[in-house]
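Here is target-v8.txt, consisting of compact mmCIF, C-alpha atoms:
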# COMPACT_ATOMS: atom_id res chain seq x y z
CA ARG X 1 162.00 101.52 155.41
CA THR X 2 160.69 98.68 153.29
CA PHE X 3 160.42 96.49 156.37
CA LEU X 4 158.35 99.06 158.28
CA SER X 5 156.10 99.69 155.29
CA SER X 6 155.58 95.96 154.74
CA LEU X 7 154.74 95.51 158.41
CA PHE X 8 152.22 98.36 158.33
CA GLU X 9 150.69 96.94 155.16
CA GLN X 10 150.43 93.45 156.60
CA ILE X 11 148.76 94.67 159.80
CA PHE X 12 146.23 97.07 158.32
CA ASN X 13 145.17 95.04 155.30
CA SER X 14 143.20 93.05 157.86
CA PRO X 15 139.56 94.24 157.58
CA SER X 16 139.16 94.44 161.37
CA GLU X 17 142.33 96.52 161.81
CA ALA X 18 141.57 98.74 158.82
CA LEU X 19 138.11 99.33 160.28
CA SER X 20 139.56 100.24 163.68
CA LEU X 21 141.91 102.78 162.09
CA TYR X 22 139.09 104.20 159.94
CA ASN X 23 136.87 104.66 163.01
CA ALA X 24 139.70 106.37 164.89
CA ILE X 25 140.35 108.83 162.07
CA ASN X 26 136.72 109.65 161.25
CA GLY X 27 135.03 109.37 164.65
CA THR X 28 132.73 106.62 163.37
CA ASN X 29 131.73 103.46 165.22
CA TYR X 30 131.44 100.72 162.61
CA SER X 31 131.69 97.33 164.29
CA ASP X 32 131.26 94.82 161.47
CA PRO X 33 134.45 94.23 159.41
CA GLY X 34 132.22 92.58 156.83
CA LEU X 35 131.03 96.04 155.79
CA LEU X 36 134.55 96.82 154.59
CA THR X 37 135.95 95.70 151.24
CA ILE X 38 139.74 95.62 150.82
CA THR X 39 140.70 97.16 147.46
CA THR X 40 144.49 97.26 147.83
CA LEU X 41 146.07 97.26 144.37
CA SER X 42 148.10 94.29 143.22
CA GLY X 43 151.03 95.10 140.98
CA ALA X 44 150.29 91.98 138.95
CA LEU X 45 146.80 93.19 138.05
CA PHE X 46 147.47 96.90 137.69
CA LEU X 47 150.69 96.96 135.65
CA GLY X 48 153.05 97.79 138.47
CA TYR X 49 150.67 99.96 140.52
CA ARG X 50 150.74 98.73 144.09
CA ASN X 51 149.62 100.70 147.12
CA ASP X 52 149.85 99.89 150.84
CA VAL X 53 146.23 99.76 152.07
CA SER X 54 142.97 100.76 150.42
CA PHE X 55 139.38 99.82 151.14
CA LEU X 56 135.78 100.78 150.52
CA ILE X 57 133.31 101.28 153.34
CA GLY X 58 130.02 103.14 153.33
CA THR X 59 130.40 106.16 151.09
CA THR X 60 134.19 106.47 151.25
CA LEU X 61 137.04 105.03 149.20
CA ASN X 62 140.08 105.08 151.46
CA LEU X 63 143.75 105.09 150.60
CA TYR X 64 146.32 104.66 153.40
CA GLU X 65 150.04 104.94 152.56
CA HIS X 66 152.95 104.37 154.94
CA GLN X 67 156.04 106.58 154.54
CA SER X 68 159.37 106.26 156.36
CA SER X 69 160.66 109.38 154.63
CA PHE X 70 159.06 112.74 153.99
CA ASN X 71 157.72 112.89 150.43
CA PRO X 72 155.96 116.09 149.31
CA ASN X 73 154.93 114.32 146.08
CA MET X 74 152.43 111.98 147.72
CA PRO X 75 149.45 113.83 146.14
CA ILE X 76 150.53 112.86 142.61
CA ARG X 77 151.07 109.29 143.75
CA GLY X 78 147.67 109.34 145.40
CA LEU X 79 146.12 110.62 142.17
CA THR X 80 147.49 107.66 140.19
CA TYR X 81 146.39 105.16 142.86
CA MET X 82 142.92 106.67 143.19
CA ALA X 83 142.44 106.62 139.42
CA ARG X 84 143.05 102.87 139.44
CA LEU X 85 140.78 102.36 142.46
CA TYR X 86 137.92 104.27 140.83
CA GLU X 87 138.43 102.31 137.62
CA GLY X 88 138.04 99.10 139.62
CA TYR X 89 134.97 100.42 141.40
CA ILE X 90 133.31 101.48 138.13
CA LEU X 91 133.98 98.10 136.53
CA GLU X 92 132.77 96.11 139.52
CA THR X 93 129.56 98.11 139.91
CA GLY X 94 128.86 98.24 136.18
CA LEU X 95 128.59 102.02 136.03
CA ASP X 96 128.33 103.70 132.63
CA VAL X 97 130.68 106.68 132.52
CA TYR X 98 129.07 107.78 129.22
CA SER X 99 125.60 107.94 130.75
CA SER X 100 123.62 111.21 130.73
CA ILE X 101 122.70 110.47 134.38
CA LEU X 102 125.09 111.73 137.06
CA LEU X 103 126.97 108.79 138.61
CA LYS X 104 127.12 108.36 142.38
CA LEU X 105 130.66 107.65 143.51
CA PRO X 106 132.26 107.16 146.92
CA LYS X 107 134.24 110.15 148.15
CA ALA X 108 138.01 109.77 148.45
CA GLN X 109 140.08 109.93 151.63
CA PHE X 110 143.86 109.81 151.39
CA PHE X 111 146.04 109.54 154.50
CA VAL X 112 149.81 109.20 154.66
CA PHE X 113 151.21 107.69 157.86
CA TYR X 114 154.67 109.09 158.46
CA ASN X 115 157.19 107.61 160.89
CA ARG X 116 160.60 108.89 159.88
CA THR X 117 162.63 110.28 162.80
CA THR X 118 163.03 113.67 161.08
CA GLU X 119 160.70 116.01 162.94
CA GLN X 120 157.34 116.73 161.31
CA PRO X 121 154.05 118.11 162.72
CA ASP X 122 151.29 115.77 163.89
CA ARG X 123 149.19 116.69 160.86
CA LEU X 124 150.21 118.22 157.54
CA VAL X 125 148.13 118.77 154.39
CA LEU X 126 150.01 118.12 151.15
CA ARG X 127 148.33 119.46 148.02
CA LEU X 128 148.86 118.62 144.38
CA SER X 129 148.44 122.30 143.56
CA ASP X 130 151.68 123.01 145.45
CA SER X 131 153.45 121.53 142.42
CA TYR X 132 151.67 123.76 139.89
CA PRO X 133 153.27 126.89 138.40
CA ASP X 134 151.96 130.25 139.59
CA ASP X 135 150.84 131.43 136.14
CA GLY X 136 147.50 133.00 137.08
CA LEU X 137 145.41 130.36 135.31
CA GLU X 138 142.54 128.58 137.01
CA ASN X 139 143.34 125.13 138.43
CA HIS X 140 140.85 122.37 137.62
CA LEU X 141 142.42 119.50 139.53
CA GLU X 142 143.29 119.16 143.22
CA VAL X 143 144.37 116.20 145.34
CA CYS X 144 145.02 116.40 149.07
CA ALA X 145 147.09 113.98 151.11
CA ILE X 146 146.71 114.25 154.88
CA MET X 147 150.03 113.28 156.43
CA LEU X 148 149.78 112.01 160.02
CA ASN X 149 152.91 111.66 162.13
CA ILE X 150 152.72 108.23 163.79
CA ASN X 151 156.06 108.29 165.58
CA TYR X 152 155.58 107.20 169.17
CA GLY X 153 154.46 110.21 171.25
CA HIS X 154 152.73 111.99 168.34
CA ASN X 155 149.00 112.12 167.57
CA LYS X 156 148.16 110.83 171.04
CA ALA X 157 144.39 111.26 170.62
CA LEU X 158 144.46 109.13 167.48
CA MET X 159 146.65 106.52 169.17
CA GLU X 160 144.22 106.29 172.08
CA LYS X 161 141.38 105.53 169.67
CA CYS X 162 143.31 102.88 167.71
CA GLN X 163 145.26 100.51 169.95
CA THR X 164 146.88 98.70 167.03
CA LEU X 165 148.31 101.93 165.59
CA HIS X 166 149.63 102.79 169.06
CA ASP X 167 151.23 99.35 169.37
CA TYR X 168 152.75 99.58 165.90
CA ALA X 169 154.33 102.93 166.80
CA LEU X 170 155.62 101.50 170.09
CA PHE X 171 157.08 98.44 168.35
CA VAL X 172 158.94 100.65 165.85
CA ASP X 173 160.17 102.85 168.69
CA THR X 174 161.40 99.76 170.56
CA VAL X 175 163.33 98.53 167.52
CA ARG X 176 164.95 101.95 167.13
CA HIS X 177 165.86 102.01 170.82
CA TYR X 178 167.81 98.76 170.56
CA ILE X 179 169.49 99.83 167.30
CA SER X 180 170.63 103.06 168.96
CA SER X 181 171.93 100.94 171.87
CA GLY X 182 174.37 99.24 169.52
CA TYR X 183 172.49 96.14 168.40
CA THR X 184 172.37 95.12 164.77
CA ARG X 185 169.05 95.78 163.11
CA GLU X 186 168.30 92.07 162.91
CA ARG X 187 169.02 91.49 166.59
CA ALA X 188 167.14 94.67 167.56
CA VAL X 189 164.01 93.39 165.80
CA GLU X 190 164.30 89.96 167.45
CA ILE X 191 164.58 91.52 170.92
CA ALA X 192 161.77 93.99 170.21
CA VAL X 193 159.46 91.17 169.08
CA GLU X 194 160.04 89.20 172.29
CA GLU X 195 159.71 92.30 174.48
CA CYS X 196 156.49 93.45 172.82
CA ILE X 197 154.94 90.00 173.09
CA SER X 198 155.79 89.96 176.81
CA ASN X 199 154.25 93.43 177.25
CA ASN X 200 151.11 92.62 175.25
CA VAL X 201 152.09 95.00 172.44
CA LEU X 202 150.94 93.66 169.05
CA LYS X 203 150.99 90.36 170.91
CA GLU X 204 148.54 88.35 168.81
CA PHE X 205 149.92 89.63 165.54
CA LEU X 206 153.56 89.02 166.50
CA ILE X 207 152.87 85.54 167.87
CA ARG X 208 150.93 84.63 164.74
CA ASN X 209 153.40 86.21 162.32
CA LYS X 210 156.72 86.17 164.17
CA ALA X 211 158.46 83.96 161.61
CA GLU X 212 157.08 86.02 158.72
CA VAL X 213 158.09 89.31 160.35
CA LEU X 214 161.66 88.09 160.77
CA THR X 215 161.64 86.66 157.24
CA MET X 216 160.58 90.06 155.88
CA LEU X 217 163.47 91.65 157.74
CA TYR X 218 166.03 89.13 156.53
CA SER X 219 164.68 89.32 152.98
CA GLU X 220 165.07 93.09 153.02
CA TYR X 221 168.55 92.77 154.49
CA ALA X 222 169.52 90.26 151.79
CA TRP X 223 168.14 92.56 149.10
CA GLU X 224 170.02 95.58 150.48
CA LEU X 225 173.18 93.47 150.62
CA HIS X 226 172.59 92.46 146.99
CA LEU X 227 172.13 96.11 145.97
CA ARG X 228 175.31 97.15 147.78
CA LYS X 229 177.19 94.30 146.09
CA MET X 230 175.83 95.33 142.71
CA GLN X 231 176.88 98.92 143.38
CA GLU X 232 180.37 97.80 144.39
CA GLU X 233 180.63 95.62 141.30
CA GLY X 234 179.34 98.50 139.20
CA LEU X 235 181.92 100.85 140.67
CA GLU X 236 184.69 98.32 140.10
CA GLU X 237 183.51 97.69 136.55
CA GLY X 238 183.27 101.42 135.94
CA LEU X 239 186.77 101.97 137.33
CA GLN X 240 188.25 99.24 135.14
CA LYS X 241 186.39 100.56 132.11
CA GLY X 242 187.56 104.08 132.89
CA LEU X 243 191.17 102.92 133.24
CA GLU X 244 191.00 100.99 129.96
CA GLU X 245 189.40 103.90 128.12
CA GLY X 246 192.00 106.22 129.65
CA ARG X 247 194.80 103.90 128.54
CA GLN X 248 193.39 103.65 125.02
CA LYS X 249 192.89 107.39 124.86
CA GLY X 250 196.43 107.90 126.12
CA LEU X 251 197.80 105.58 123.45
CA GLU X 252 195.80 107.33 120.77
CA GLU X 253 196.93 110.76 121.98
CA GLY X 254 200.49 109.44 122.13
CA ARG X 255 200.24 108.20 118.55
CA GLN X 256 198.82 111.52 117.42
CA GLN X 257 201.49 113.44 119.27
CA GLY X 258 204.19 111.12 117.85
CA LEU X 259 202.81 111.56 114.35
CA GLN X 260 202.67 115.30 114.75
CA LYS X 261 206.18 115.36 116.15
CA GLY X 262 207.43 113.13 113.33
CA LEU X 263 205.83 115.37 110.73
CA GLU X 264 207.34 118.43 112.33
CA GLU X 265 210.78 116.90 112.56
CA GLY X 266 210.52 115.66 108.98
CA ARG X 267 209.51 119.11 107.83
CA GLN X 268 212.45 120.67 109.67
CA GLN X 269 214.88 118.11 108.30
CA GLY X 270 213.55 118.60 104.77
CA LEU X 271 213.83 122.35 105.10
CA GLN X 272 217.37 122.10 106.38
CA LYS X 273 218.39 119.75 103.61
CA GLY X 274 216.82 122.02 101.03
CA LEU X 275 218.77 125.02 102.36
CA GLU X 276 222.03 123.13 102.30
CA GLU X 277 221.48 121.94 98.74
CA GLY X 278 220.59 125.45 97.73
CA ARG X 279 223.83 126.81 99.09
CA GLN X 280 225.80 124.27 97.10
I need this file expressed as structure tokens, please.
Amino acid sequence: RTFLSSLFEQIFNSPSEALSLYNAINGTNYSDPGLLTITTLSGALFLGYRNDVSFLIGTTLNLYEHQSSFNPNMPIRGLTYMARLYEGYILETGLDVYSSILLKLPKAQFFVFYNRTTEQPDRLVLRLSDSYPDDGLENHLEVCAIMLNINYGHNKALMEKCQTLHDYALFVDTVRHYISSGYTRERAVEIAVEECISNNVLKEFLIRNKAEVLTMLYSEYAWELHLRKMQEEGLEEGLQKGLEEGRQKGLEEGRQQGLQKGLEEGRQQGLQKGLEEGRQ
């Protein structure tokens, strides 16, 4: 999932590709990528906040997130991202939020591009208000995330308008095909890259970034391997700790039981001796 998200992010953080996708979604015909300003958040600058793709063009501030799993909580994530993006816009443009004059701000658009294999509709509106309690009080805050299914074969009209999105979906579908045929994920990606280059699918991007694409994959694989190893070590450590604690607890319970038994036997012996002495 991280690999697919990183690939999407790398492709569409290009101003020309972001512009193509924006035009396809909104039915606009901007042709100059110079009109678009990439605003994607860097975790280093925004204290851990890092989104996939965001940009400003015309009167819209756009947030595009890639998801390889269904997440109904994207509106709250979008709210936090958009807050940071508006903060950046206000600072860069020198707007005074305490002014008595109404500020003019770009409107927000938030799209989530979904490509998990679990079936979902072509378009689904996720609302922040879906998380609110039904207490009868008026709601003063709403955020909408428009989830678009970009699995190959879905949203055909959108794919026809944005060739790069179509090619991305086809590349992912090709990788999945080879994985389902029994290839390892690494080998499936290698074959898919070569096949897509031959078929003019993401050709320029894959030729230019082939080494980086494979490096992303191997880096993710290495990280997953590290996490699994850490989990295994954690389980082993937990098992050993549990055994040791169990042993110590058993010893302590044994001591307590022995003490209790000794006291009881001593009491019985004392009682018996007292009876015998009394009879004498």
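Of note, CA of Leu202 (chain X) and CA of Gln67 (chain X) are spaced 20.1 Å apart.
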Using all atoms of region 16-28 of chain X that appear in the file, construct an axis-aligned enclosing box with 3 Å of padding on every side and provide its centre coordinates and edge lengths in Å, rounded to one decimal, as AutoDock Vina command-line options.
--center_x 137.5 --center_y 102.0 --center_z 161.9 --size_x 15.6 --size_y 21.2 --size_z 12.1
Which of X:Leu141, X:Leu158, X:Leu126, X:Met74 sits closest to Asn26 (chain X) [using all atoms listed in the file] |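 Looking at the shortest contact to Asn26 (chain X), the residue is X:Leu158.
The coordinates place CA of Ala188 (chain X) at 15.9 Å from CA of Glu212 (chain X).
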Pairwise distance for CA of Ser180 (chain X) and CA of Ile150 (chain X), rounded to one decimal in Å | 19.3 Å
For Leu63 (chain X), work out the shell of residues within 12 Å, counting only C-alpha atoms and skipping chain neighbours fewer than 5 positions away, then give it as a PyMOL selection string.
-> chain X and resi 9+12-13+18+21-22+38-41+50-57+74-75+77-86+107-113+144-147
Deliver the residues from the most recent selection as a file, using C-alpha atoms, as a PDB file, keeping the file's coordinate frame.
ATOM      1  CA  GLU X   9     150.690  96.940 155.160  1.00  0.00           C
ATOM      2  CA  PHE X  12     146.230  97.070 158.320  1.00  0.00           C
ATOM      3  CA  ASN X  13     145.170  95.040 155.300  1.00  0.00           C
ATOM      4  CA  ALA X  18     141.570  98.740 158.820  1.00  0.00           C
ATOM      5  CA  LEU X  21     141.910 102.780 162.090  1.00  0.00           C
ATOM      6  CA  TYR X  22     139.090 104.200 159.940  1.00  0.00           C
ATOM      7  CA  ILE X  38     139.740  95.620 150.820  1.00  0.00           C
ATOM      8  CA  THR X  39     140.700  97.160 147.460  1.00  0.00           C
ATOM      9  CA  THR X  40     144.490  97.260 147.830  1.00  0.00           C
ATOM     10  CA  LEU X  41     146.070  97.260 144.370  1.00  0.00           C
ATOM     11  CA  ARG X  50     150.740  98.730 144.090  1.00  0.00           C
ATOM     12  CA  ASN X  51     149.620 100.700 147.120  1.00  0.00           C
ATOM     13  CA  ASP X  52     149.850  99.890 150.840  1.00  0.00           C
ATOM     14  CA  VAL X  53     146.230  99.760 152.070  1.00  0.00           C
ATOM     15  CA  SER X  54     142.970 100.760 150.420  1.00  0.00           C
ATOM     16  CA  PHE X  55     139.380  99.820 151.140  1.00  0.00           C
ATOM     17  CA  LEU X  56     135.780 100.780 150.520  1.00  0.00           C
ATOM     18  CA  ILE X  57     133.310 101.280 153.340  1.00  0.00           C
ATOM     19  CA  MET X  74     152.430 111.980 147.720  1.00  0.00           C
ATOM     20  CA  PRO X  75     149.450 113.830 146.140  1.00  0.00           C
ATOM     21  CA  ARG X  77     151.070 109.290 143.750  1.00  0.00           C
ATOM     22  CA  GLY X  78     147.670 109.340 145.400  1.00  0.00           C
ATOM     23  CA  LEU X  79     146.120 110.620 142.170  1.00  0.00           C
ATOM     24  CA  THR X  80     147.490 107.660 140.190  1.00  0.00           C
ATOM     25  CA  TYR X  81     146.390 105.160 142.860  1.00  0.00           C
ATOM     26  CA  MET X  82     142.920 106.670 143.190  1.00  0.00           C
ATOM     27  CA  ALA X  83     142.440 106.620 139.420  1.00  0.00           C
ATOM     28  CA  ARG X  84     143.050 102.870 139.440  1.00  0.00           C
ATOM     29  CA  LEU X  85     140.780 102.360 142.460  1.00  0.00           C
ATOM     30  CA  TYR X  86     137.920 104.270 140.830  1.00  0.00           C
ATOM     31  CA  LYS X 107     134.240 110.150 148.150  1.00  0.00           C
ATOM     32  CA  ALA X 108     138.010 109.770 148.450  1.00  0.00           C
ATOM     33  CA  GLN X 109     140.080 109.930 151.630  1.00  0.00           C
ATOM     34  CA  PHE X 110     143.860 109.810 151.390  1.00  0.00           C
ATOM     35  CA  PHE X 111     146.040 109.540 154.500  1.00  0.00           C
ATOM     36  CA  VAL X 112     149.810 109.200 154.660  1.00  0.00           C
ATOM     37  CA  PHE X 113     151.210 107.690 157.860  1.00  0.00           C
ATOM     38  CA  CYS X 144     145.020 116.400 149.070  1.00  0.00           C
ATOM     39  CA  ALA X 145     147.090 113.980 151.110  1.00  0.00           C
ATOM     40  CA  ILE X 146     146.710 114.250 154.880  1.00  0.00           C
ATOM     41  CA  MET X 147     150.030 113.280 156.430  1.00  0.00           C
TER      42      MET X 147
END
Residue contacts of Asn151 (chain X) (8 Å, only C-alpha atoms) excluding same-chain residues fewer than 6 positions away, as an MDAnalysis selection string = chainID X and resid 114:117 169 173
Can you tell me, as a PyMOL selection string, which residues sit within 12 Å of (157.9, 90.0, 173.7) in the file's frame, using only C-alpha atoms?
-> chain X and resi 171+174-175+189-207+210
Counting all atoms listed in the file, which of X:Leu105, X:Ile25, X:Leu36, X:Ile179 gets nearest to Thr59 (chain X)?
-> X:Leu105
Expected answer as a PyMOL selection string: all residues with atoms within 10 Å of (150.6, 122.7, 148.2), all atoms listed in the file | chain X and resi 72-73+75+125-132+142-145
